[in-house]
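Below is one structure, written out as structure tokens, with a few remarks after it.
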Number of protein chains: 2
Amino acid sequence: MELHDVLARIEPPDERLAEAARERHAQLTKPPGSLGRLEALGVQLAAIYGTVKPEVRGQGIAVFAADHGVTEAGISAYPKAVTQQMVANFLRGGAAVNALARTVGAELVVVDVGVDADEAAWAAFAGHPQFVARKVKRGTKNMLEHPAMSEGEVLAAIGVGIEVANALVAKGANLLAGGEMGIGNSTAAAALTAVFTKRPAREVTGRGTGLDEAGLAHKVRVVETALAKHRPDAAKPLKALAQVGGLELAALTGFYLAASAQRVPVLLDGFIATAAALVAVALAPAARGYLIASHLSAEPGHAVQLATLHLTPLLDLDMRLGEGTGALLAMPLVQGAARVLAEMATFAEAGVAEG
Amino acid sequence: MELHDVLARIEPPDERLAEAARERHAQLTKPPGSLGRLEALGVQLAAIYGTVKPEVRGQGIAVFAADHGVTEAGISAYPKAVTQQMVANFLRGGAAVNALARTVGAELVVVDVGVDADEAAWAAFAGHPQFVARKVKRGTKNMLEHPAMSEGEVLAAIGVGIEVANALVAKGANLLAGGEMGIGNSTAAAALTAVFTKRPAREVTGRGTGLDEAGLAHKVRVVETALAKHRPDAAKPLKALAQVGGLELAALTGFYLAASAQRVPVLLDGFIATAAALVAVALAPAARGYLIASHLSAEPGHAVQLATLHLTPLLDLDMRLGEGTGALLAMPLVQGAARVLAEMATFAEAGVAEG
């Protein structure tokens with residue numbers, strides 16, 4: 001499915017069902033409002049699924065991996081080769097995202113949308129059931145010298161995200177989460193965040209995987225230089241993605257939009273994943289109603305992004321790993337929000353006196 | 001097992017294993033510290049279980065139910081009969097605690113340690129596999145006129161909690177949580193909290209299931225009056241429990257202590273459950289190392305309790321239901337903390353370059 005078809009299908013969640021779910025929550029056997037944010041989350045699920053008895057039937061997470069030409073500028077604490085090495089780690093089941101996907105029972109797929117490695121790199125993983133090989137190109141160009149991608153490459157990467165979301169839904173998932181792996185991608189995410197939140201680079205650029213003070217100051221200058229060179233415009237989201245984005249960021253944008261078009265809630269992970277959500281909502285404001293903020297990252301720009309999106313995170317555990325780890329940890333909360341609304345008895349059904 | 005045997009067996013978690021777990025976390029394939037509070041939680045589990053590869057093999061939750069004579073003073077938004085009605089709701093599977101226990105896969109038992117109902121009330125639940133009938137007496141006395149319990153009744157209720165914890169562990173649980181149901185029990189919990197945190201009643205007394213401003217002011221005066229009458233002493237925890245406590249609070253105290261003696265981590269729920277933890281730690285300071293604060297309740301005294309215990313809650317979802325609901329929602333976080341520490345590959349194992 002192409003982007004324009006997806007965009008045409010996105011409608012906001014159904015406010016009538018939200019109201020019906022609020023009424024049902026007031027009748028369930030508990031003091032009114034006593035489940036706090038779990039109640040509001042259940043109301044969102046009712047409006048998305050179109051029923052006051054929402055059910056999470058399957059959970060899927062896709063981790064999109066790609067490389068970044070801007071690593072030439074020395075903006076990461078890790079070498080570029082780690083992207084490829086971590087994809088291999090994901091496929092062997094040894095990363096944090098694997099342990100947490102097993103914990104919550106989510107199906108995990110790993111997508112090469114732009115890792116700077118040739119086909120031989122994945123020879124050991126031929127036929128791996130969790131691997132989706134959809135390389136658009138071997139990493140972006142260095143945004144200090146060129147646009148990171150062409151607009152054709154952006155559309156191709158968005159198409160990969162759409163395809164992956166639709167495939168997970170076709171296999172039975174009705175709760176999705178997106179993760180990412182890409183050395184250098186917190187620089188691209190910071191540039192996009194500056195564009196879509198209209199805040200200066202220094203406010204939305206952080207230490208990524210672990211820069212020191214001098215490294216952070218250099219990274220801020222790199223983001224400022226790239227923004228000054230390309231002058232990306234929030235009113236032209238696809239062009240901005242091409243100028244200072246990344247292949248995995250474009251894929252995540254498509255992933256969120258396809259989930260919204262399918263009326264499936266989708267959990268945002270941390271700073272990088274949420275940068276792609278800013279692009280998605282710029283393309284389709286109604287997609288916002290399908291997004292759930294899973295956690296607040298220790299990366300300082302994340303709170304700025306979430307404020308722009310008017311989303312409040314469920315968890316605040318001082319995490320900053322990415323990969324989708326925060327999104328996975330929030331899945332049981334979403335499950336719980338659905339089940340209390342769907343499964344609890346009302347005061348009348350249970351013969352319990354109301355206060 | 002009796003209380004003095006349990007107290008004699010409680011030793012702090014093993015700090016050597018905590019240190020070994022910190023070293024292991026630094027070698028796992030992620031930037032150091034990037035899993036935030038999940039790492040500290042894993043370290044605690046390693047120290048409790050005595051292994052750097054902790055495994056949560058089974059999860060159990062016990063909900064202790066009892067009534068309170070102080071309801072005569074009109075301190076709750078709900079009538080006393082709701083305690084019995086909600087126990088029936090638990091046993092039919094229709095309460096929030098049921099939906100959330102199913103969500104996270106925890107075994108749930110419901111314990112009548114002091115509901116003001118005769119045997120006929122449970123006739124419909126004869127042989128119910130989740131029901132534990134251990135009534136010590138039909139509710140406490142009104143603390144405005146008498147001590148709530150005798151010290152013999154306190155010890156009997158503590159013994160029920162010990163028995164239930166040991167039974168869950170014997171059936172395979174190595175992660176426990178305690179919940180409670182008892183109309184009026186936030187008044188008893190406020191009185192105990194004032195005693196053990198040494199703060200004035202007005203700072204630790206809240207709206208419970210939903211009092212208005214006038215109801216709250218009355219409840220504060222009830223707590224103040226009970227404290228002035230009995231003058232409970234934090235240095236005499238069993239006597240304080242007898243004076244202003246509750247049967248389910250005493251049972252929870254025994255439950256936490258037995259978990260600690262068994263080297264099993266135990267999740268605290270909200271304000272009422274945490275009041276019992278204050279008593280447990282007063283009896284055995286080493287038990288503190290086995291406690292995990294699951295969430296921050298909307299009840300204002302909860303933050304005061306957690307500060308006294310030097311515990312930081314994992315979740316903050318504006319919940320105030322009790323029953324163990326907050327504790328259940330934190331179980332997947334504990335599972336995740338164990339699994340990342342036990343299952344992730346090291347940099348050396350995965351062939352990933354370190355930063």
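Here, A, B, ... name the chains of the structure tokens in the order displayed, residue numbers run from 1 inside each chain, and ligands are numbered from 1 in the same displayed order.
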Find the spatial neighbours of Leu155 in chain A, counting only C-alpha atoms, within a cut-off of 10 Å - ignore same-chain residues fewer than 3 positions away - and output them as a VMD selection string. chain A and resid 2 to 3 136 149 to 152 158 to 161 238 241 to 242 247 250 to 251 254
Filtering to all heavy atoms, could you give me those residues as a compact mmCIF listing (two decimals), in the first residue's frame?
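The file below, again27.txt, is the result:
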# COMPACT_ATOMS: atom_id res chain seq x y z
N GLU A 2 0.47 2.25 -0.77
CA GLU A 2 1.30 3.44 -0.84
C GLU A 2 0.85 4.49 0.17
O GLU A 2 -0.27 4.44 0.68
CB GLU A 2 1.27 4.02 -2.26
CG GLU A 2 1.94 3.08 -3.24
CD GLU A 2 2.27 3.78 -4.54
OE1 GLU A 2 2.33 5.03 -4.55
OE2 GLU A 2 2.47 3.06 -5.53
N LEU A 3 1.74 5.45 0.41
CA LEU A 3 1.50 6.43 1.45
C LEU A 3 0.17 7.17 1.25
O LEU A 3 -0.59 7.37 2.20
CB LEU A 3 2.67 7.42 1.50
CG LEU A 3 2.52 8.58 2.48
CD1 LEU A 3 2.36 8.08 3.91
CD2 LEU A 3 3.73 9.51 2.38
N VAL A 136 16.77 -0.17 1.63
CA VAL A 136 16.55 0.86 0.61
C VAL A 136 17.89 1.34 0.08
O VAL A 136 18.06 1.52 -1.12
CB VAL A 136 15.72 2.02 1.19
CG1 VAL A 136 15.65 3.19 0.22
CG2 VAL A 136 14.32 1.53 1.56
N MET A 149 18.74 11.73 2.23
CA MET A 149 18.10 10.82 1.26
C MET A 149 17.46 11.63 0.15
O MET A 149 17.22 12.84 0.31
CB MET A 149 16.96 10.01 1.94
CG MET A 149 17.40 9.07 3.03
SD MET A 149 15.96 8.40 3.95
CE MET A 149 15.69 9.72 5.15
N SER A 150 17.13 10.94 -0.93
CA SER A 150 16.24 11.52 -1.94
C SER A 150 14.80 11.34 -1.46
O SER A 150 14.53 10.49 -0.59
CB SER A 150 16.43 10.81 -3.28
OG SER A 150 15.93 9.49 -3.20
N GLU A 151 13.87 12.09 -2.06
CA GLU A 151 12.48 11.89 -1.65
C GLU A 151 11.97 10.51 -2.09
O GLU A 151 11.11 9.93 -1.43
CB GLU A 151 11.59 13.03 -2.15
CG GLU A 151 11.90 14.31 -1.35
CD GLU A 151 10.80 15.37 -1.39
OE1 GLU A 151 9.60 15.00 -1.42
OE2 GLU A 151 11.16 16.56 -1.40
N GLY A 152 12.51 9.98 -3.16
CA GLY A 152 12.15 8.62 -3.57
C GLY A 152 12.58 7.60 -2.53
O GLY A 152 11.84 6.65 -2.23
N ILE A 158 9.33 4.64 3.88
CA ILE A 158 7.98 4.72 4.45
C ILE A 158 7.17 3.51 4.03
O ILE A 158 6.45 2.90 4.85
CB ILE A 158 7.28 6.04 4.02
CG1 ILE A 158 7.89 7.23 4.78
CG2 ILE A 158 5.77 5.96 4.25
CD1 ILE A 158 7.35 8.59 4.34
N GLY A 159 7.32 3.11 2.77
CA GLY A 159 6.60 1.94 2.26
C GLY A 159 6.99 0.67 3.00
O GLY A 159 6.15 -0.21 3.24
N VAL A 160 8.25 0.56 3.40
CA VAL A 160 8.68 -0.60 4.19
C VAL A 160 7.95 -0.62 5.53
O VAL A 160 7.45 -1.66 5.98
CB VAL A 160 10.21 -0.58 4.39
CG1 VAL A 160 10.65 -1.65 5.39
CG2 VAL A 160 10.94 -0.76 3.06
N GLY A 161 7.86 0.54 6.18
CA GLY A 161 7.16 0.60 7.47
C GLY A 161 5.69 0.24 7.33
O GLY A 161 5.13 -0.47 8.18
N LEU A 238 7.89 15.38 4.26
CA LEU A 238 8.66 14.39 3.50
C LEU A 238 10.01 14.97 3.10
O LEU A 238 11.04 14.28 3.14
CB LEU A 238 7.88 13.93 2.27
CG LEU A 238 6.58 13.18 2.56
CD1 LEU A 238 5.85 12.88 1.25
CD2 LEU A 238 6.85 11.89 3.32
N LEU A 241 12.26 14.97 6.16
CA LEU A 241 12.81 13.62 6.37
C LEU A 241 13.98 13.36 5.43
O LEU A 241 15.01 12.80 5.84
CB LEU A 241 11.73 12.57 6.10
CG LEU A 241 10.95 11.95 7.25
CD1 LEU A 241 9.97 10.93 6.69
CD2 LEU A 241 11.86 11.29 8.28
N ALA A 242 13.82 13.77 4.17
CA ALA A 242 14.88 13.55 3.19
C ALA A 242 16.14 14.34 3.55
O ALA A 242 17.26 13.86 3.41
CB ALA A 242 14.39 13.95 1.80
N LEU A 247 16.62 6.44 7.35
CA LEU A 247 15.79 5.42 6.72
C LEU A 247 14.89 4.73 7.74
O LEU A 247 13.73 4.44 7.46
CB LEU A 247 16.70 4.41 6.00
CG LEU A 247 17.43 5.02 4.79
CD1 LEU A 247 18.79 4.36 4.60
CD2 LEU A 247 16.58 4.90 3.54
N ALA A 250 12.07 7.14 8.67
CA ALA A 250 11.03 7.16 7.64
C ALA A 250 10.17 5.89 7.72
O ALA A 250 8.94 5.95 7.61
CB ALA A 250 11.66 7.28 6.25
N ALA A 251 10.81 4.75 7.96
CA ALA A 251 10.05 3.50 8.07
C ALA A 251 9.11 3.55 9.28
O ALA A 251 7.95 3.13 9.19
CB ALA A 251 11.01 2.31 8.20
N GLY A 254 6.03 5.55 8.45
CA GLY A 254 5.06 4.73 7.71
C GLY A 254 4.38 3.70 8.59
O GLY A 254 3.17 3.44 8.44
Within 12 Å of range 349-354 of chain B, counting only C-alpha atoms, which residues show up once you throw out same-chain ones fewer than 5 positions away? Write them as number ranges by chain, please. A: 76-95, 183, 209-210; B: 26-32, 343-344
DSSP strand (DSSP E) residues within range 121-354 of chain A, listed as JSON, numbers by chain: {"A": [131, 132, 133, 175, 176, 177, 178, 179, 180, 181, 266, 267, 268, 291, 292, 293]}
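Of the listed residues (B:Leu315, B:Ala73, B:Ala228, B:Ala287), B:Leu315 comes nearest to Ala330 in chain A; the distances count only C-alpha atoms.
Using only C-alpha atoms, the shortest contact distance between Arg9 in chain B and any of B:Leu257, B:Ala303, B:Ala170, B:Val97 is found at B:Leu257.
Distance-wise, CA of Thr140 in chain A and CA of Val6 in chain A end up 24.9 Å apart.
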Quick one: DSSP helix (DSSP H, G or I) residues in range 100-273 of chain A, as a VMD selection string? chain A and resid 100 to 104 119 to 125 151 to 170 185 to 197 201 to 204 213 to 230 237 to 244 247 to 261 271 to 273
Can I get the selected residues back with C-alpha atoms, as a short mmCIF file (atom, residue, chain, number, x, y, z; two decimals), in the first residue's frame?
data_model
loop_
_atom_site.label_atom_id
_atom_site.label_comp_id
_atom_site.auth_asym_id
_atom_site.auth_seq_id
_atom_site.Cartn_x
_atom_site.Cartn_y
_atom_site.Cartn_z
CA LEU A 100 11.57 -7.90 26.94
CA ALA A 101 9.59 -9.17 23.93
CA ARG A 102 9.72 -12.63 25.54
CA THR A 103 8.66 -11.10 28.88
CA VAL A 104 5.49 -9.56 27.50
CA GLU A 119 24.15 -9.27 1.68
CA ALA A 120 26.95 -11.48 2.93
CA ALA A 121 26.56 -9.88 6.36
CA TRP A 122 23.26 -11.70 6.81
CA ALA A 123 24.34 -15.05 5.35
CA ALA A 124 24.11 -16.69 8.77
CA PHE A 125 20.48 -15.58 9.04
CA GLU A 151 12.48 11.89 -1.65
CA GLY A 152 12.15 8.62 -3.57
CA GLU A 153 14.24 6.88 -0.93
CA VAL A 154 12.07 8.42 1.80
CA LEU A 155 8.93 7.08 0.14
CA ALA A 156 10.51 3.66 -0.27
CA ALA A 157 11.46 3.54 3.42
CA ILE A 158 7.98 4.72 4.45
CA GLY A 159 6.60 1.94 2.26
CA VAL A 160 8.68 -0.60 4.19
CA GLY A 161 7.16 0.60 7.47
CA ILE A 162 3.66 0.38 6.00
CA GLU A 163 4.30 -3.13 4.73
CA VAL A 164 5.68 -4.33 8.07
CA ALA A 165 2.78 -2.87 10.09
CA ASN A 166 0.22 -4.38 7.74
CA ALA A 167 1.95 -7.77 7.88
CA LEU A 168 1.93 -7.80 11.71
CA VAL A 169 -1.76 -6.88 11.72
CA ALA A 170 -2.51 -9.55 9.12
CA ASN A 185 20.22 8.22 14.71
CA SER A 186 19.82 10.42 17.78
CA THR A 187 21.49 13.18 15.71
CA ALA A 188 18.95 12.80 12.91
CA ALA A 189 16.16 12.58 15.49
CA ALA A 190 17.37 15.78 17.15
CA ALA A 191 17.37 17.61 13.81
CA LEU A 192 13.83 16.46 13.02
CA THR A 193 12.69 17.32 16.54
CA ALA A 194 14.04 20.85 16.22
CA VAL A 195 12.08 21.23 12.97
CA PHE A 196 8.74 19.89 14.21
CA THR A 197 8.79 21.31 17.75
CA ALA A 201 18.91 22.35 18.61
CA ARG A 202 20.56 22.68 22.01
CA GLU A 203 17.22 22.04 23.77
CA VAL A 204 16.46 18.83 21.92
CA GLU A 213 30.13 17.19 27.70
CA ALA A 214 32.45 18.05 24.79
CA GLY A 215 30.87 15.37 22.61
CA LEU A 216 27.42 16.79 23.32
CA ALA A 217 28.54 20.33 22.44
CA HIS A 218 29.95 19.03 19.13
CA LYS A 219 26.73 17.13 18.40
CA VAL A 220 24.67 20.29 18.98
CA ARG A 221 26.88 22.16 16.49
CA VAL A 222 26.45 19.36 13.93
CA VAL A 223 22.67 19.55 14.26
CA GLU A 224 22.73 23.36 14.03
CA THR A 225 24.96 23.22 10.94
CA ALA A 226 22.73 20.68 9.19
CA LEU A 227 19.62 22.73 9.96
CA ALA A 228 21.28 25.92 8.68
CA LYS A 229 22.38 24.17 5.49
CA HIS A 230 19.04 22.54 4.54
CA PRO A 237 7.47 16.73 6.25
CA LEU A 238 8.66 14.39 3.50
CA LYS A 239 11.27 16.87 2.36
CA ALA A 240 12.43 17.40 5.95
CA LEU A 241 12.81 13.62 6.37
CA ALA A 242 14.88 13.55 3.19
CA GLN A 243 17.10 16.42 4.33
CA VAL A 244 17.93 15.48 7.92
CA LEU A 247 15.79 5.42 6.72
CA GLU A 248 14.59 3.81 9.96
CA LEU A 249 12.90 7.08 10.95
CA ALA A 250 11.03 7.16 7.64
CA ALA A 251 10.05 3.50 8.07
CA LEU A 252 8.73 4.22 11.58
CA THR A 253 6.70 7.11 10.17
CA GLY A 254 5.06 4.73 7.71
CA PHE A 255 4.60 2.12 10.45
CA TYR A 256 2.66 4.54 12.69
CA LEU A 257 0.53 5.77 9.80
CA ALA A 258 -0.37 2.25 8.68
CA ALA A 259 -1.29 1.28 12.26
CA SER A 260 -3.56 4.33 12.47
CA ALA A 261 -5.18 3.51 9.14
CA PHE A 271 13.35 9.94 21.68
CA ILE A 272 14.20 8.50 18.27
CA ALA A 273 10.95 6.62 17.80
#
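Excluding Gln130 in chain A itself and any same-chain residue fewer than 4 positions from it, the protein and nucleic acid residues within 9 Å of it, counting only C-alpha atoms, are Leu91, Glu107, Leu108, Val109, Val110 and Val111 of chain A.
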List as a PyMOL selection string the protein and nucleic acid residues near Arg24 in chain A, meaning an atom at most 9 Å away when only C-alpha atoms are counted, but skip any in the same chain fewer than 5 places from it. chain A and resi 19+52+341+346
Selection near Ala106 in chain A, 12 Å with only C-alpha atoms, sequence-local residues under 4 positions removed, as an NGL selection string: :A and (56-62 or 97-102 or 168 or 172-178 or 324-325 or 327-332 or 335)
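Shell of Ala293 in chain A at 8 Å, with only C-alpha atoms counted and residues fewer than 3 places along the chain excluded, is A:Leu267, A:Leu268, A:Asp269, A:Leu296, A:Leu306, A:Leu311, A:Thr312, A:Pro313, A:Leu314, A:Ala327.
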Work out how far apart CA of His295 in chain B and CA of Arg134 in chain B are and give it in Å to one decimal. 28.6 Å
